[in-house]
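Below is one structure, written out as structure tokens; the observations come after it.
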Amino acid sequence: MQNIDTPFGALSVVNEPTYSFGSTDNVRTYTGEVLLTQGHPTSIHGITLNGHGVMVVGAGGGCSSVHDHSSLVLDNKLYLAVGDYAICLSLSPPHALVWSVQVDTATCFGLYWEASRGALIAHGELEISRLSPGGDLIWQASGVDIFTEGFRLQPDHIEAVDFNRTVYRFDYATGETTLG
């Protein structure tokens, strides 16, 4: 579970692995449902605001779980990593999907915000992506292997470490990659 204090109240993001879209027989109920894949989703996350189920989102790709970098709040919007997608939801009523972008061919591990550059960064299993807050894909870059050994925003670059412990440095503006 991830809890975030927002101007709209207490927001929680939870894993919902047993949620069934379109069913009335779920443990928790949500006002809205967003299914970003055909068939059965591999990742399902529920969003509550002040204890009220606002929206549940399902996506394909590799299975993602809720953790400290699953979502972030900017202004009146929630940015959420679920499955292979990054999405944006409006926190002001009516709560609605603003945009969704597939940011990795496998799994989006997390979302990060670099305020001085206005950069929304998606840490994917196979790709590192930069998005605008409006959902435009600015650039996307990959490496030789999966990015599972480390990820952090540095002052002058984005650093990701792959399974072979190769360190990649991505330029914030262009996505140009250098090995470190």
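By order in the structure tokens, chains are A, B, ...; within a chain, residues start at 1; ligands start at 1, following the order shown.
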Would you tabulate, counting only C-alpha atoms, all residues of segment 35-107 of chain A that have an atom at most 9 Å from an atom of segment 130-150 of chain A, showing the closest pair of atoms and their distance in Å to one decimal, sorted by chain then ascending number, as CSV?
residue,atom,partner,partner_atom,distance
A:Leu74,CA,A:Pro133,CA,8.6
A:Tyr79,CA,A:Pro133,CA,8.7
A:Ala86,CA,A:Gly135,CA,8.6
A:Ile87,CA,A:Gly135,CA,8.0
A:Cys88,CA,A:Gly135,CA,7.7
A:Val98,CA,A:Gly134,CA,8.5
A:Trp99,CA,A:Gly135,CA,6.2
A:Ser100,CA,A:Gly135,CA,7.1
A:Val101,CA,A:Gly135,CA,6.9
A:Val103,CA,A:Gln140,CA,8.0
A:Asp104,CA,A:Gln140,CA,8.9
Export of prior selection with all heavy atoms as a short mmCIF file (atom, residue, chain, number, x, y, z; two decimals), in the first residue's frame:
data_model
loop_
_atom_site.label_atom_id
_atom_site.label_comp_id
_atom_site.auth_asym_id
_atom_site.auth_seq_id
_atom_site.Cartn_x
_atom_site.Cartn_y
_atom_site.Cartn_z
N LEU A 74 1.04 15.42 -8.43
CA LEU A 74 1.47 16.75 -8.86
C LEU A 74 0.22 17.56 -9.14
O LEU A 74 -0.66 17.11 -9.89
CB LEU A 74 2.32 16.67 -10.13
CG LEU A 74 3.61 15.87 -10.05
CD1 LEU A 74 4.22 15.74 -11.43
CD2 LEU A 74 4.58 16.55 -9.10
N TYR A 79 -0.22 10.40 -10.80
CA TYR A 79 0.52 9.70 -11.83
C TYR A 79 0.83 8.32 -11.26
O TYR A 79 1.36 8.21 -10.15
CB TYR A 79 1.80 10.45 -12.19
CG TYR A 79 1.50 11.80 -12.79
CD1 TYR A 79 1.30 12.92 -11.99
CD2 TYR A 79 1.37 11.96 -14.16
CE1 TYR A 79 1.00 14.16 -12.53
CE2 TYR A 79 1.06 13.20 -14.73
CZ TYR A 79 0.89 14.29 -13.90
OH TYR A 79 0.59 15.50 -14.45
N ALA A 86 2.13 3.98 -17.71
CA ALA A 86 2.07 5.13 -16.81
C ALA A 86 0.74 5.80 -17.14
O ALA A 86 0.39 5.95 -18.32
CB ALA A 86 3.23 6.09 -17.03
N ILE A 87 0.00 6.18 -16.11
CA ILE A 87 -1.28 6.83 -16.34
C ILE A 87 -1.38 8.09 -15.49
O ILE A 87 -0.63 8.27 -14.55
CB ILE A 87 -2.48 5.89 -16.05
CG1 ILE A 87 -2.58 5.60 -14.55
CG2 ILE A 87 -2.39 4.61 -16.84
CD1 ILE A 87 -3.91 5.02 -14.14
N CYS A 88 -2.33 8.92 -15.85
CA CYS A 88 -2.61 10.13 -15.10
C CYS A 88 -4.11 10.18 -14.81
O CYS A 88 -4.93 10.00 -15.73
CB CYS A 88 -2.18 11.35 -15.92
SG CYS A 88 -2.57 12.93 -15.14
N VAL A 98 -6.98 10.86 -17.35
CA VAL A 98 -6.58 11.99 -18.17
C VAL A 98 -5.80 11.48 -19.38
O VAL A 98 -6.05 11.89 -20.51
CB VAL A 98 -5.74 13.00 -17.36
CG1 VAL A 98 -5.25 14.14 -18.23
CG2 VAL A 98 -6.54 13.52 -16.18
N TRP A 99 -4.85 10.56 -19.14
CA TRP A 99 -4.09 9.94 -20.22
C TRP A 99 -3.47 8.64 -19.74
O TRP A 99 -3.33 8.40 -18.54
CB TRP A 99 -3.03 10.87 -20.82
CG TRP A 99 -2.02 11.47 -19.88
CD1 TRP A 99 -2.03 12.75 -19.40
CD2 TRP A 99 -0.85 10.85 -19.33
NE1 TRP A 99 -0.94 12.95 -18.57
CE2 TRP A 99 -0.19 11.80 -18.52
CE3 TRP A 99 -0.29 9.58 -19.43
CZ2 TRP A 99 0.98 11.51 -17.81
CZ3 TRP A 99 0.88 9.30 -18.74
CH2 TRP A 99 1.50 10.26 -17.95
N SER A 100 -3.08 7.81 -20.70
CA SER A 100 -2.33 6.58 -20.42
C SER A 100 -1.33 6.37 -21.54
O SER A 100 -1.63 6.63 -22.71
CB SER A 100 -3.26 5.38 -20.29
OG SER A 100 -3.91 5.12 -21.51
N VAL A 101 -0.12 5.93 -21.17
CA VAL A 101 0.94 5.70 -22.15
C VAL A 101 1.66 4.41 -21.78
O VAL A 101 2.07 4.23 -20.62
CB VAL A 101 1.97 6.86 -22.15
CG1 VAL A 101 3.13 6.57 -23.09
CG2 VAL A 101 1.32 8.18 -22.51
N VAL A 103 4.75 2.63 -21.39
CA VAL A 103 6.10 3.15 -21.25
C VAL A 103 7.17 2.06 -21.25
O VAL A 103 8.36 2.37 -21.20
CB VAL A 103 6.25 4.03 -19.98
CG1 VAL A 103 5.45 5.32 -20.11
CG2 VAL A 103 5.88 3.26 -18.73
N ASP A 104 6.78 0.81 -21.30
CA ASP A 104 7.75 -0.27 -21.34
C ASP A 104 7.10 -1.47 -22.04
O ASP A 104 5.89 -1.64 -21.98
CB ASP A 104 8.16 -0.66 -19.92
CG ASP A 104 9.45 -1.45 -19.89
OD1 ASP A 104 10.52 -0.82 -19.85
OD2 ASP A 104 9.41 -2.70 -19.91
#
- Do you know which residues are at most 8 Å from segment 53-61 of chain A counting only C-alpha atoms, after dropping those on the same chain fewer than 6 positions away, and could you put them as a ChimeraX atom specification? /A:28-37,40-47,82-85,95,105-107
For segment 2-10 of chain A, list every protein, DNA or RNA residue within 12 Å, evaluated using only C-alpha atoms, and leave out those in the same chain fewer than 2 positions away; present the list as a PDB file with N, CA and C atoms, in the first residue's frame.
ATOM      1  N   SER A  12      -4.796   6.574  -1.083  1.00  0.00           N
ATOM      2  CA  SER A  12      -4.118   5.283  -0.946  1.00  0.00           C
ATOM      3  C   SER A  12      -4.151   4.561  -2.271  1.00  0.00           C
ATOM      4  N   VAL A  13      -3.038   3.896  -2.598  1.00  0.00           N
ATOM      5  CA  VAL A  13      -2.960   3.029  -3.766  1.00  0.00           C
ATOM      6  C   VAL A  13      -2.690   1.628  -3.230  1.00  0.00           C
ATOM      7  N   VAL A  14      -3.516   0.669  -3.641  1.00  0.00           N
ATOM      8  CA  VAL A  14      -3.400  -0.705  -3.133  1.00  0.00           C
ATOM      9  C   VAL A  14      -3.365  -1.706  -4.290  1.00  0.00           C
ATOM     10  N   ASN A  15      -2.713  -2.832  -4.040  1.00  0.00           N
ATOM     11  CA  ASN A  15      -2.763  -3.944  -4.983  1.00  0.00           C
ATOM     12  C   ASN A  15      -4.146  -4.575  -4.912  1.00  0.00           C
ATOM     13  N   HIS A  45      -4.395  -2.082  -9.730  1.00  0.00           N
ATOM     14  CA  HIS A  45      -4.189  -1.197  -8.586  1.00  0.00           C
ATOM     15  C   HIS A  45      -5.467  -0.399  -8.340  1.00  0.00           C
ATOM     16  N   GLY A  46      -5.835  -0.291  -7.070  1.00  0.00           N
ATOM     17  CA  GLY A  46      -7.000   0.483  -6.679  1.00  0.00           C
ATOM     18  C   GLY A  46      -6.588   1.783  -6.022  1.00  0.00           C
ATOM     19  N   ILE A  47      -7.372   2.831  -6.265  1.00  0.00           N
ATOM     20  CA  ILE A  47      -7.101   4.145  -5.695  1.00  0.00           C
ATOM     21  C   ILE A  47      -8.280   4.548  -4.824  1.00  0.00           C
ATOM     22  N   THR A  48      -7.984   4.888  -3.573  1.00  0.00           N
ATOM     23  CA  THR A  48      -9.018   5.403  -2.680  1.00  0.00           C
ATOM     24  C   THR A  48      -8.641   6.815  -2.264  1.00  0.00           C
ATOM     25  N   LEU A  49      -9.642   7.630  -2.070  1.00  0.00           N
ATOM     26  CA  LEU A  49      -9.464   9.000  -1.610  1.00  0.00           C
ATOM     27  C   LEU A  49     -10.395   9.198  -0.432  1.00  0.00           C
ATOM     28  N   ASN A  50      -9.806   9.480   0.731  1.00  0.00           N
ATOM     29  CA  ASN A  50     -10.567   9.618   1.982  1.00  0.00           C
ATOM     30  C   ASN A  50     -11.422   8.389   2.261  1.00  0.00           C
ATOM     31  N   GLY A  51     -10.860   7.210   1.961  1.00  0.00           N
ATOM     32  CA  GLY A  51     -11.538   5.950   2.229  1.00  0.00           C
ATOM     33  C   GLY A  51     -12.555   5.539   1.188  1.00  0.00           C
ATOM     34  N   HIS A  52     -12.804   6.360   0.187  1.00  0.00           N
ATOM     35  CA  HIS A  52     -13.780   6.057  -0.868  1.00  0.00           C
ATOM     36  C   HIS A  52     -13.052   5.511  -2.094  1.00  0.00           C
ATOM     37  N   GLY A  53     -13.493   4.383  -2.616  1.00  0.00           N
ATOM     38  CA  GLY A  53     -12.895   3.780  -3.799  1.00  0.00           C
ATOM     39  C   GLY A  53     -13.175   4.621  -5.035  1.00  0.00           C
ATOM     40  N   VAL A  54     -12.165   5.310  -5.533  1.00  0.00           N
ATOM     41  CA  VAL A  54     -12.320   6.233  -6.646  1.00  0.00           C
ATOM     42  C   VAL A  54     -12.177   5.527  -7.992  1.00  0.00           C
ATOM     43  N   SER A  65       3.704  -4.197  -8.587  1.00  0.00           N
ATOM     44  CA  SER A  65       3.078  -4.099  -7.270  1.00  0.00           C
ATOM     45  C   SER A  65       3.202  -2.661  -6.775  1.00  0.00           C
ATOM     46  N   VAL A  66       2.466  -2.351  -5.741  1.00  0.00           N
ATOM     47  CA  VAL A  66       2.445  -0.999  -5.187  1.00  0.00           C
ATOM     48  C   VAL A  66       3.607  -0.845  -4.200  1.00  0.00           C
ATOM     49  N   HIS A  67       4.362   0.263  -4.359  1.00  0.00           N
ATOM     50  CA  HIS A  67       5.500   0.567  -3.491  1.00  0.00           C
ATOM     51  C   HIS A  67       5.696   2.086  -3.498  1.00  0.00           C
ATOM     52  N   ASP A  68       6.774   2.568  -2.913  1.00  0.00           N
ATOM     53  CA  ASP A  68       6.989   4.011  -2.746  1.00  0.00           C
ATOM     54  C   ASP A  68       7.059   4.796  -4.049  1.00  0.00           C
ATOM     55  N   HIS A  69       7.437   4.173  -5.146  1.00  0.00           N
ATOM     56  CA  HIS A  69       7.542   4.888  -6.417  1.00  0.00           C
ATOM     57  C   HIS A  69       6.473   4.457  -7.422  1.00  0.00           C
ATOM     58  N   SER A  70       5.402   3.831  -6.944  1.00  0.00           N
ATOM     59  CA  SER A  70       4.299   3.445  -7.827  1.00  0.00           C
ATOM     60  C   SER A  70       3.514   4.644  -8.323  1.00  0.00           C
ATOM     61  N   SER A  71       3.454   5.677  -7.497  1.00  0.00           N
ATOM     62  CA  SER A  71       2.659   6.837  -7.883  1.00  0.00           C
ATOM     63  C   SER A  71       3.223   8.092  -7.254  1.00  0.00           C
ATOM     64  N   LEU A  72       2.788   9.204  -7.818  1.00  0.00           N
ATOM     65  CA  LEU A  72       3.115  10.500  -7.248  1.00  0.00           C
ATOM     66  C   LEU A  72       2.005  11.468  -7.595  1.00  0.00           C
ATOM     67  N   VAL A  73       1.888  12.502  -6.781  1.00  0.00           N
ATOM     68  CA  VAL A  73       0.846  13.508  -6.968  1.00  0.00           C
ATOM     69  C   VAL A  73       1.505  14.831  -7.328  1.00  0.00           C
ATOM     70  N   LEU A  74       1.036  15.422  -8.427  1.00  0.00           N
ATOM     71  CA  LEU A  74       1.466  16.747  -8.860  1.00  0.00           C
ATOM     72  C   LEU A  74       0.216  17.560  -9.141  1.00  0.00           C
ATOM     73  N   ASP A  75       0.141  18.724  -8.546  1.00  0.00           N
ATOM     74  CA  ASP A  75      -1.038  19.578  -8.684  1.00  0.00           C
ATOM     75  C   ASP A  75      -2.279  18.779  -8.302  1.00  0.00           C
ATOM     76  N   ASN A  76      -3.232  18.649  -9.187  1.00  0.00           N
ATOM     77  CA  ASN A  76      -4.459  17.915  -8.854  1.00  0.00           C
ATOM     78  C   ASN A  76      -4.527  16.581  -9.596  1.00  0.00           C
ATOM     79  N   LYS A  77      -3.350  15.993  -9.873  1.00  0.00           N
ATOM     80  CA  LYS A  77      -3.325  14.745 -10.641  1.00  0.00           C
ATOM     81  C   LYS A  77      -2.480  13.679  -9.948  1.00  0.00           C
ATOM     82  N   LEU A  78      -2.915  12.433 -10.128  1.00  0.00           N
ATOM     83  CA  LEU A  78      -2.174  11.274  -9.663  1.00  0.00           C
ATOM     84  C   LEU A  78      -1.531  10.616 -10.871  1.00  0.00           C
ATOM     85  N   TYR A  79      -0.224  10.405 -10.796  1.00  0.00           N
ATOM     86  CA  TYR A  79       0.517   9.695 -11.834  1.00  0.00           C
ATOM     87  C   TYR A  79       0.826   8.316 -11.265  1.00  0.00           C
ATOM     88  N   LEU A  80       0.484   7.277 -12.014  1.00  0.00           N
ATOM     89  CA  LEU A  80       0.532   5.914 -11.491  1.00  0.00           C
ATOM     90  C   LEU A  80       1.186   4.970 -12.483  1.00  0.00           C
ATOM     91  N   SER A  90      -7.240  12.416 -12.741  1.00  0.00           N
ATOM     92  CA  SER A  90      -7.642  13.665 -12.112  1.00  0.00           C
ATOM     93  C   SER A  90      -8.097  13.378 -10.682  1.00  0.00           C
ATOM     94  N   LEU A  91      -7.552  14.124  -9.727  1.00  0.00           N
ATOM     95  CA  LEU A  91      -7.986  13.973  -8.337  1.00  0.00           C
ATOM     96  C   LEU A  91      -9.169  14.869  -8.004  1.00  0.00           C
ATOM     97  N   SER A  92      -9.381  15.899  -8.823  1.00  0.00           N
ATOM     98  CA  SER A  92     -10.552  16.743  -8.596  1.00  0.00           C
ATOM     99  C   SER A  92     -11.739  16.103  -9.300  1.00  0.00           C
ATOM    100  N   PRO A  93     -12.891  16.146  -8.657  1.00  0.00           N
ATOM    101  CA  PRO A  93     -14.072  15.516  -9.264  1.00  0.00           C
ATOM    102  C   PRO A  93     -14.449  16.166 -10.586  1.00  0.00           C
ATOM    103  N   HIS A  95     -13.447  12.278 -10.912  1.00  0.00           N
ATOM    104  CA  HIS A  95     -12.193  11.535 -11.032  1.00  0.00           C
ATOM    105  C   HIS A  95     -12.221  10.769 -12.346  1.00  0.00           C
TER     106      HIS A  95
END
- Item | strand (DSSP E) positions in segment 10-160 of chain A, given as a ChimeraX atom specification | /A:10-15,32-35,43-49,52-59,71-74,77-82,85-90,97-102,108-114,119-124,127-131,137-142,150-153,158-160
Please dump the current selection as a PDB file, in the first residue's frame; keep C-alpha atoms.
ATOM      1  CA  ALA A  10      -5.767  10.962   2.174  1.00  0.00           C
ATOM      2  CA  LEU A  11      -5.013   8.981  -0.969  1.00  0.00           C
ATOM      3  CA  SER A  12      -4.118   5.283  -0.946  1.00  0.00           C
ATOM      4  CA  VAL A  13      -2.960   3.029  -3.766  1.00  0.00           C
ATOM      5  CA  VAL A  14      -3.400  -0.705  -3.133  1.00  0.00           C
ATOM      6  CA  ASN A  15      -2.763  -3.944  -4.983  1.00  0.00           C
ATOM      7  CA  GLY A  32     -14.572   3.967 -11.921  1.00  0.00           C
ATOM      8  CA  GLU A  33     -12.840   1.116 -13.714  1.00  0.00           C
ATOM      9  CA  VAL A  34     -10.063   1.448 -16.313  1.00  0.00           C
ATOM     10  CA  LEU A  35      -8.852  -1.650 -18.137  1.00  0.00           C
ATOM     11  CA  SER A  43      -1.518  -5.853 -12.591  1.00  0.00           C
ATOM     12  CA  ILE A  44      -4.484  -4.217 -10.889  1.00  0.00           C
ATOM     13  CA  HIS A  45      -4.189  -1.197  -8.586  1.00  0.00           C
ATOM     14  CA  GLY A  46      -7.000   0.483  -6.679  1.00  0.00           C
ATOM     15  CA  ILE A  47      -7.101   4.145  -5.695  1.00  0.00           C
ATOM     16  CA  THR A  48      -9.018   5.403  -2.680  1.00  0.00           C
ATOM     17  CA  LEU A  49      -9.464   9.000  -1.610  1.00  0.00           C
ATOM     18  CA  HIS A  52     -13.780   6.057  -0.868  1.00  0.00           C
ATOM     19  CA  GLY A  53     -12.895   3.780  -3.799  1.00  0.00           C
ATOM     20  CA  VAL A  54     -12.320   6.233  -6.646  1.00  0.00           C
ATOM     21  CA  MET A  55     -10.856   4.098  -9.421  1.00  0.00           C
ATOM     22  CA  VAL A  56      -9.357   0.705 -10.150  1.00  0.00           C
ATOM     23  CA  VAL A  57      -6.870   0.307 -13.005  1.00  0.00           C
ATOM     24  CA  GLY A  58      -5.720  -2.881 -14.707  1.00  0.00           C
ATOM     25  CA  ALA A  59      -2.935  -3.333 -17.257  1.00  0.00           C
ATOM     26  CA  SER A  71       2.659   6.837  -7.883  1.00  0.00           C
ATOM     27  CA  LEU A  72       3.115  10.500  -7.248  1.00  0.00           C
ATOM     28  CA  VAL A  73       0.846  13.508  -6.968  1.00  0.00           C
ATOM     29  CA  LEU A  74       1.466  16.747  -8.860  1.00  0.00           C
ATOM     30  CA  LYS A  77      -3.325  14.745 -10.641  1.00  0.00           C
ATOM     31  CA  LEU A  78      -2.174  11.274  -9.663  1.00  0.00           C
ATOM     32  CA  TYR A  79       0.517   9.695 -11.834  1.00  0.00           C
ATOM     33  CA  LEU A  80       0.532   5.914 -11.491  1.00  0.00           C
ATOM     34  CA  ALA A  81       2.688   3.049 -12.757  1.00  0.00           C
ATOM     35  CA  VAL A  82       0.593  -0.064 -13.401  1.00  0.00           C
ATOM     36  CA  TYR A  85       1.727   1.721 -18.395  1.00  0.00           C
ATOM     37  CA  ALA A  86       2.067   5.127 -16.807  1.00  0.00           C
ATOM     38  CA  ILE A  87      -1.284   6.827 -16.341  1.00  0.00           C
ATOM     39  CA  CYS A  88      -2.614  10.134 -15.097  1.00  0.00           C
ATOM     40  CA  LEU A  89      -5.844  10.500 -13.118  1.00  0.00           C
ATOM     41  CA  SER A  90      -7.642  13.665 -12.112  1.00  0.00           C
ATOM     42  CA  LEU A  97      -8.434   9.046 -16.600  1.00  0.00           C
ATOM     43  CA  VAL A  98      -6.577  11.991 -18.173  1.00  0.00           C
ATOM     44  CA  TRP A  99      -4.095   9.939 -20.224  1.00  0.00           C
ATOM     45  CA  SER A 100      -2.327   6.584 -20.416  1.00  0.00           C
ATOM     46  CA  VAL A 101       0.941   5.701 -22.148  1.00  0.00           C
ATOM     47  CA  GLN A 102       2.603   2.318 -22.518  1.00  0.00           C
ATOM     48  CA  CYS A 108       6.989  -0.038 -15.454  1.00  0.00           C
ATOM     49  CA  PHE A 109       8.776  -0.326 -12.106  1.00  0.00           C
ATOM     50  CA  GLY A 110       8.110   3.232 -10.980  1.00  0.00           C
ATOM     51  CA  LEU A 111       7.633   6.943 -11.662  1.00  0.00           C
ATOM     52  CA  TYR A 112       9.904   9.804 -10.621  1.00  0.00           C
ATOM     53  CA  TRP A 113       9.590  13.582 -10.823  1.00  0.00           C
ATOM     54  CA  GLU A 114      12.512  15.949 -11.444  1.00  0.00           C
ATOM     55  CA  ALA A 119      10.564  15.762 -16.107  1.00  0.00           C
ATOM     56  CA  LEU A 120       8.326  12.788 -15.387  1.00  0.00           C
ATOM     57  CA  ILE A 121      10.607   9.747 -15.617  1.00  0.00           C
ATOM     58  CA  ALA A 122       9.374   6.159 -15.968  1.00  0.00           C
ATOM     59  CA  HIS A 123      11.764   3.458 -14.767  1.00  0.00           C
ATOM     60  CA  GLY A 124      10.873   0.449 -16.852  1.00  0.00           C
ATOM     61  CA  GLU A 127      13.179   1.126 -21.153  1.00  0.00           C
ATOM     62  CA  ILE A 128      13.715   4.421 -19.387  1.00  0.00           C
ATOM     63  CA  SER A 129      11.211   7.029 -20.616  1.00  0.00           C
ATOM     64  CA  ARG A 130      10.685  10.734 -20.156  1.00  0.00           C
ATOM     65  CA  LEU A 131       7.123  12.020 -20.320  1.00  0.00           C
ATOM     66  CA  LEU A 137       6.476  10.729 -24.700  1.00  0.00           C
ATOM     67  CA  ILE A 138       9.554  12.960 -25.036  1.00  0.00           C
ATOM     68  CA  TRP A 139      12.106  10.150 -25.361  1.00  0.00           C
ATOM     69  CA  GLN A 140      12.605   6.483 -24.600  1.00  0.00           C
ATOM     70  CA  ALA A 141      15.888   4.575 -24.336  1.00  0.00           C
ATOM     71  CA  SER A 142      16.899   1.008 -23.575  1.00  0.00           C
ATOM     72  CA  GLY A 150      19.461   0.362  -9.371  1.00  0.00           C
ATOM     73  CA  PHE A 151      17.790   3.564 -10.456  1.00  0.00           C
ATOM     74  CA  ARG A 152      18.144   7.158  -9.312  1.00  0.00           C
ATOM     75  CA  LEU A 153      17.824  10.724 -10.461  1.00  0.00           C
ATOM     76  CA  ILE A 158      19.374   9.718 -14.808  1.00  0.00           C
ATOM     77  CA  GLU A 159      21.252   6.636 -13.657  1.00  0.00           C
ATOM     78  CA  ALA A 160      20.019   3.083 -14.243  1.00  0.00           C
TER      79      ALA A 160
END
- Item | Residue nearest Arg117 of chain A - candidates A:Gly180, A:Pro155, A:Met1, A:Pro94, atoms counted: only C-alpha atoms | A:Pro155
- Message: Show me, as number ranges by chain, the residues that have an atom within 8 Å of Thr177 of chain A when counting only C-alpha atoms, minus same-chain residues fewer than 3 positions from it.
- Response: A: 141, 168-171
- In terms of the shortest atom-to-atom distance over only C-alpha atoms, which of A:Ser116, A:Glu176, A:Leu126, A:Ser23 is closest to Val161 of chain A?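 Among the listed residues, the smallest separation from Val161 of chain A belongs to A:Leu126.
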